[in-house]
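What follows is one structure encoded as structure tokens, with my remarks underneath.
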Number of protein chains: 4
Amino acid sequence: MKNTFGNSVTVTLFGESHGPEIGAVLDGLPSGIPVDEAYISERLRLRRPAGGISTARQEADPFRIVSGVFEGKTTGTPLAILIPNGDVRSKDYTFGPVRPGHADYTGHIRYSGFEDYRGGGHFSGRITAALVAAGAVLSYALEQKGIRIGTHIARCAGISDAGFSDRPEADIEKLNRMEFAVLDEARGEEMRAAAERAAEEGDSVGGVLETLVTGVPAGVGEPWFDTVEGVLSHALFSIPAVKGVEFGDGFGMADRRGSETNDAFVLQDGKTVTRTNHNGGINGGISNGMPIIFRCAVKPTPSIALPQDSVNAEGTREEKLTLAGRHDPAIVHRARVVVDSTAALVLCDALALRFGTDWLKGDPV
Amino acid sequence: MKNTFGNSVTVTLFGESHGPEIGAVLDGLPSGIPVDEAYISERLRLRRPAGGISTARQEADPFRIVSGVFEGKTTGTPLAILIPNGDVRSKDYTFGPVRPGHADYTGHIRYSGFEDYRGGGHFSGRITAALVAAGAVLSYALEQKGIRIGTHIARCAGISDAGFSDRPEADIEKLNRMEFAVLDEARGEEMRAAAERAAEEGDSVGGVLETLVTGVPAGVGEPWFDTVEGVLSHALFSIPAVKGVEFGDGFGMADRRGSETNDAFVLQDGKTVTRTNHNGGINGGISNGMPIIFRCAVKPTPSIALPQDSVNAEGTREEKLTLAGRHDPAIVHRARVVVDSTAALVLCDALALRFGTDWLKGDPV
Amino acid sequence: MKNTFGNSVTVTLFGESHGPEIGAVLDGLPSGIPVDEAYISERLRLRRPAGGISTARQEADPFRIVSGVFEGKTTGTPLAILIPNGDVRSKDYTFGPVRPGHADYTGHIRYSGFEDYRGGGHFSGRITAALVAAGAVLSYALEQKGIRIGTHIARCAGISDAGFSDRPEADIEKLNRMEFAVLDEARGEEMRAAAERAAEEGDSVGGVLETLVTGVPAGVGEPWFDTVEGVLSHALFSIPAVKGVEFGDGFGMADRRGSETNDAFVLQDGKTVTRTNHNGGINGGISNGMPIIFRCAVKPTPSIALPQDSVNAEGTREEKLTLAGRHDPAIVHRARVVVDSTAALVLCDALALRFGTDWLKGDPV
Amino acid sequence: MKNTFGNSVTVTLFGESHGPEIGAVLDGLPSGIPVDEAYISERLRLRRPAGGISTARQEADPFRIVSGVFEGKTTGTPLAILIPNGDVRSKDYTFGPVRPGHADYTGHIRYSGFEDYRGGGHFSGRITAALVAAGAVLSYALEQKGIRIGTHIARCAGISDAGFSDRPEADIEKLNRMEFAVLDEARGEEMRAAAERAAEEGDSVGGVLETLVTGVPAGVGEPWFDTVEGVLSHALFSIPAVKGVEFGDGFGMADRRGSETNDAFVLQDGKTVTRTNHNGGINGGISNGMPIIFRCAVKPTPSIALPQDSVNAEGTREEKLTLAGRHDPAIVHRARVVVDSTAALVLCDALALRFGTDWLKGDPV
């Protein structure tokens, strides 16, 4: 399996940056799930809040659903979404030196020189638009079941956001309306300013996304190999620029002691919960009913204006590379909704495997 | 798919901590791979170097291969390895309060109270012995092809090891003979002392494992979804206590700039290589021919002697939990060979998918 | 996995009979395979040779490839093909009594009443157009490797065609140009006449398709569970109306003796071959280098003009069903190219698993 | 995936005919299913009712369950069953001419000469004992849910058995106690006599197995590609000697008309049923609530005493082959319980995917 992910609920991605259309096929959905096109549009808009960090709001990508929806609801058969690549420029591309930090070189080796190299081809972040459109259908369904997913820019350009409050669902609701999703807007302003400075210097910045998922029932996941952590990370590492994934306190647990990281069990309103959540809602690969927490490390955008050393694709000579045009100095804010969509896909699949194909359309848990 | 992992080369795990035997079935192997039982024994020994941090060397687990090997070589049909649980005590177990940081509670929910709770059952780290035995067959085969995997304890109890030298293959060879695998043995001594201190205080410590893989050819992996990072992390998160996985500079890239993390391409002896390796040998999910580097965050052993708050499995009352006996204050050193084995499995599978089922038995690349 | 089939080379299908577009995503292809749009058109034309048995030739379905092809060759990333449903009538459909022999009732139960019931929705034979388009890309590639697939109508309306001659590749070439694919054209005329008679009586006829594949090297397939027979039959039973699949002499072997069905091995030009081919080129689930032979039973078209007993979808009352309009009295001739396409998919996948992703673009075997 | 089958409920097979042990790992089971070892023994006994057709009853294979069962019930984690190969003779084997109709030649090519050729190795029918043991756990669970599977020898040596009566569940109960499972015992005697005659002439006979499954709810299966027919046939073709699979009237539908094969829907006690069952309980790949009916063509045992033409494994010279010892003149009666076990596996998996992992332990439907 390559461009298809999932066991019971699956997504298949296709398209290239400069091809006519990109798209996704969602399969294994329960029938009867309402499909809200305005919601999908809104999610797509959040993926492209700005041409650069500070550019004005743009319209979302147009899309069309060509199958799997009938009278406004899912049929249960494959839902295919297509998004045209409207802004593809007609000028001829030449395949210059391979761009450091990009997939130009590995794509050239993997596909023996037959790859569509224009704008990164199938490796382009552009493909995430199809993933977001598909994820929107799933996120909407999860919300009906009381499961909510929200992500904030926990760190960007060396500046940290505030953490989630003790009212995480309100935080999530707020984040899902923001283009630059932070819990502390003043910190967000600092991040943007720092990213702008990097841009002015022809450079780019990285960051960390932190995601919280509430409402997942205990008992989802497997001890080997389909742990919640394992399946989520598998999908998350597909997102271009993600180079690390951690759950709960993650790498921070490495320097602590067991007495500091074990989450004590207590009873609350007759229900077993943990007093702390260092393990991010997962024990032994299985959800424990607490919020699921994970973080993704997002590397700085590899497209920078500064000149770089490189070689030609054939590997026959070294060449200097200078990329033309203005480049986004950060992608962490755009990757946010892609992370949410990916999480929605993984959770829908895990829930369908555990509780059957129709669970998602039942009443809230 | 639950306890089976892989597409072309697969492993299936079974067994419980206190059952009669645990085991693994390796499938999709090429035929004709030599199976060296002494090598497997040695790898199993490295998984249990010490009852505690400082205990004297013990004998490796006995194991038997009941299928898939004929006249000392793989047949290409499933290779099943069984390991008896020799040290299981006959005394009656009672299922006390669920242990914080363990899977007792989630296992109870997931399996509706029918789980074998004794010693963690199927969630136990004991199961990793089967994974190590299976991985040893694969590691041995990879070595014949010039692919080498080595892991050191990059951090433990807040103390950092030295990094890999500029002769990584020599480092790997050395690490693969050590019970407590560090590159700087003085630092290793400090780590052990710190872990001992934690043990004396009834507590435990965590750490970070750093793995280097040399010899993987460029062009292995997929852009979506079976990136090298994604598939490796999927498998690695099955290892009990792993709570984070990062590639190359990982989370460290979040605070840097693109000009600092892009790996410039240069020609070396007519071959395309990167001058630095911040991306850990992977661009766009595909190997670029440089060493693959990743790190796993290992949380402190959840079994600690200090009293802890908990509830009974049924969730009807709160209870204090005090675990009897002496507990390993760290597992990071034992998880090392499990990480190596997991990496061997993932790489063999990716290579078989890319180059066919018989690639592994061909000449070195 | 539902609408996706394959392990290394996969196809994903989507669309409904009366939706705007149907399509297929082909993944796992090697890069560099020429994509011949005229060849695809020709294959699509063969799927619809006639509105009824005797209607004049129609134009093939228009299609467009929106990804995975660059400068006339596969890129190795997903190839998505879309086919508009041009002839969808705008009139309102009502969901009458469920049609016997069709999937109206099971679709209604499976999808809880949310299915797109118009024209059979996702169950419609219409979806096979997407499979044929995808299969054409694969068939073309297989031909470059010297692997040829051909199917004839071995039986229709109780009339048998002649068998393959001792020059099967010439037979295949001829069959692949015919709209009503028979080896003996006089028998074909009889079949058509018999089907016409059934149509005049408001009824329909069934048949048997026999497929021959030449050029598959020995050693492809697995003993358990991915036998060549098993994987082929898995895919073939998706084709609407297929109710039986047999290999070699198939059910005919049940009444014979071992001495009559064992294929003796002999040497021919220094190569091991079998003197007869009762086993259809497969022993123990693995190809033996002889032509692969299989047959599919195709039931009579369930859409007939005669009045039928039925119930409404809700199962609350019995109703008589009379289908309006003229219906194809047979689909066996149209299913032919769908069988070929399905076989191409299964073989490409098996060959890629065995020999690696790039085998298909190498020189002929 | 090779020796593992299934999506949510899976089985993994391992072992060779002359290795120390064979076995199976069942995964994805719900927890809390009673495991009845006497029932497993009985099913294993039915797989080997006689050394030849007429030999006296033998004891069933000893087996041991080493994981996945705790206090007599499934834990929900992998259940591994091991069966020792007690009767392996110690004498040296030499690899003579490849046996016609067997997998000796294809195994030699597939595994490059490293296969364990003794007694057919991993291709041996011996491996089906592990499948039967695993299937027994599943059959038992299905019975608790009101789903019953029974198979009779519909044809053997050219003699037909009677068909199922209008009380199929009573038929199934009777069949599941018989060693030579026929509905008409007089016909069974004739079959045995005919098989005996073939044996005396150094030859063997084939047959047809017909299976009926009652109690499967409507709405299970998928239109593409995981049709009930497709997944069942995929698994069934793994059973050595099966060369054809058909559902309902199968190949018999090819010569009929639509008016004869469409199953009219009627209401019975307020429930939608079909008046006839030519489609074998499946429309559009999905169960319709009627009994599922399928037939497997079983070729004559390829091991015969008559001398045969063959070549050596290396393909360097032609050699006459004469197999020593007495051989079973038929395997159709032994394959019966293997078919039942395979059907149980496929149905449990399909039901778990549709209704969730715990469905199987709920109350009868």
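Ligands are numbered from 1 in the order shown, chains are lettered A, B, ... in the order of the structure tokens, and residues start at 1 in each chain.
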
Residues of chain A near chain C: apply a cut-off of 8 Å, count only C-alpha atoms, and supply the list as a PyMOL selection string.
-> chain A and resi 1-3+6-10+12-16+19-22+25+27-28+30-32+66-70+73-80+111-112+114-116+122

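All residues of protein, DNA or RNA that reach within 8 Å of Gly230 of chain A, judged by only C-alpha atoms and not counting those fewer than 6 positions away in the chain, are Gly285 of chain A; Ser233, His234, Ala235, Leu236, Phe237 and Ser238 of chain B.
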
Same residues, C-alpha atoms, output as a PDB file, in the first residue's frame:
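Result file selection-v6.pdb:
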```
ATOM      1  CA  GLY A 285      -0.896   1.723  22.793  1.00  0.00           C
TER       2      GLY A 285
ATOM      3  CA  SER B 233       7.800   5.131  13.703  1.00  0.00           C
ATOM      4  CA  HIS B 234       4.707   2.947  13.344  1.00  0.00           C
ATOM      5  CA  ALA B 235       6.716  -0.080  14.388  1.00  0.00           C
ATOM      6  CA  LEU B 236       8.880   1.707  16.968  1.00  0.00           C
ATOM      7  CA  PHE B 237       5.910   3.000  18.953  1.00  0.00           C
ATOM      8  CA  SER B 238       4.967  -0.631  19.642  1.00  0.00           C
TER       9      SER B 238
END
```

Pick out the residues sitting within 8 Å of Ala103 of chain C, and hand them over as a list in words; count only C-alpha atoms, and ignore anything fewer than 2 positions along from it in its own chain.
-> Arg99, Gly101, Tyr105, Thr106, Gly107, Gly120 and Phe123 of chain C; Asn283, Gly284 and Ile286 of chain D
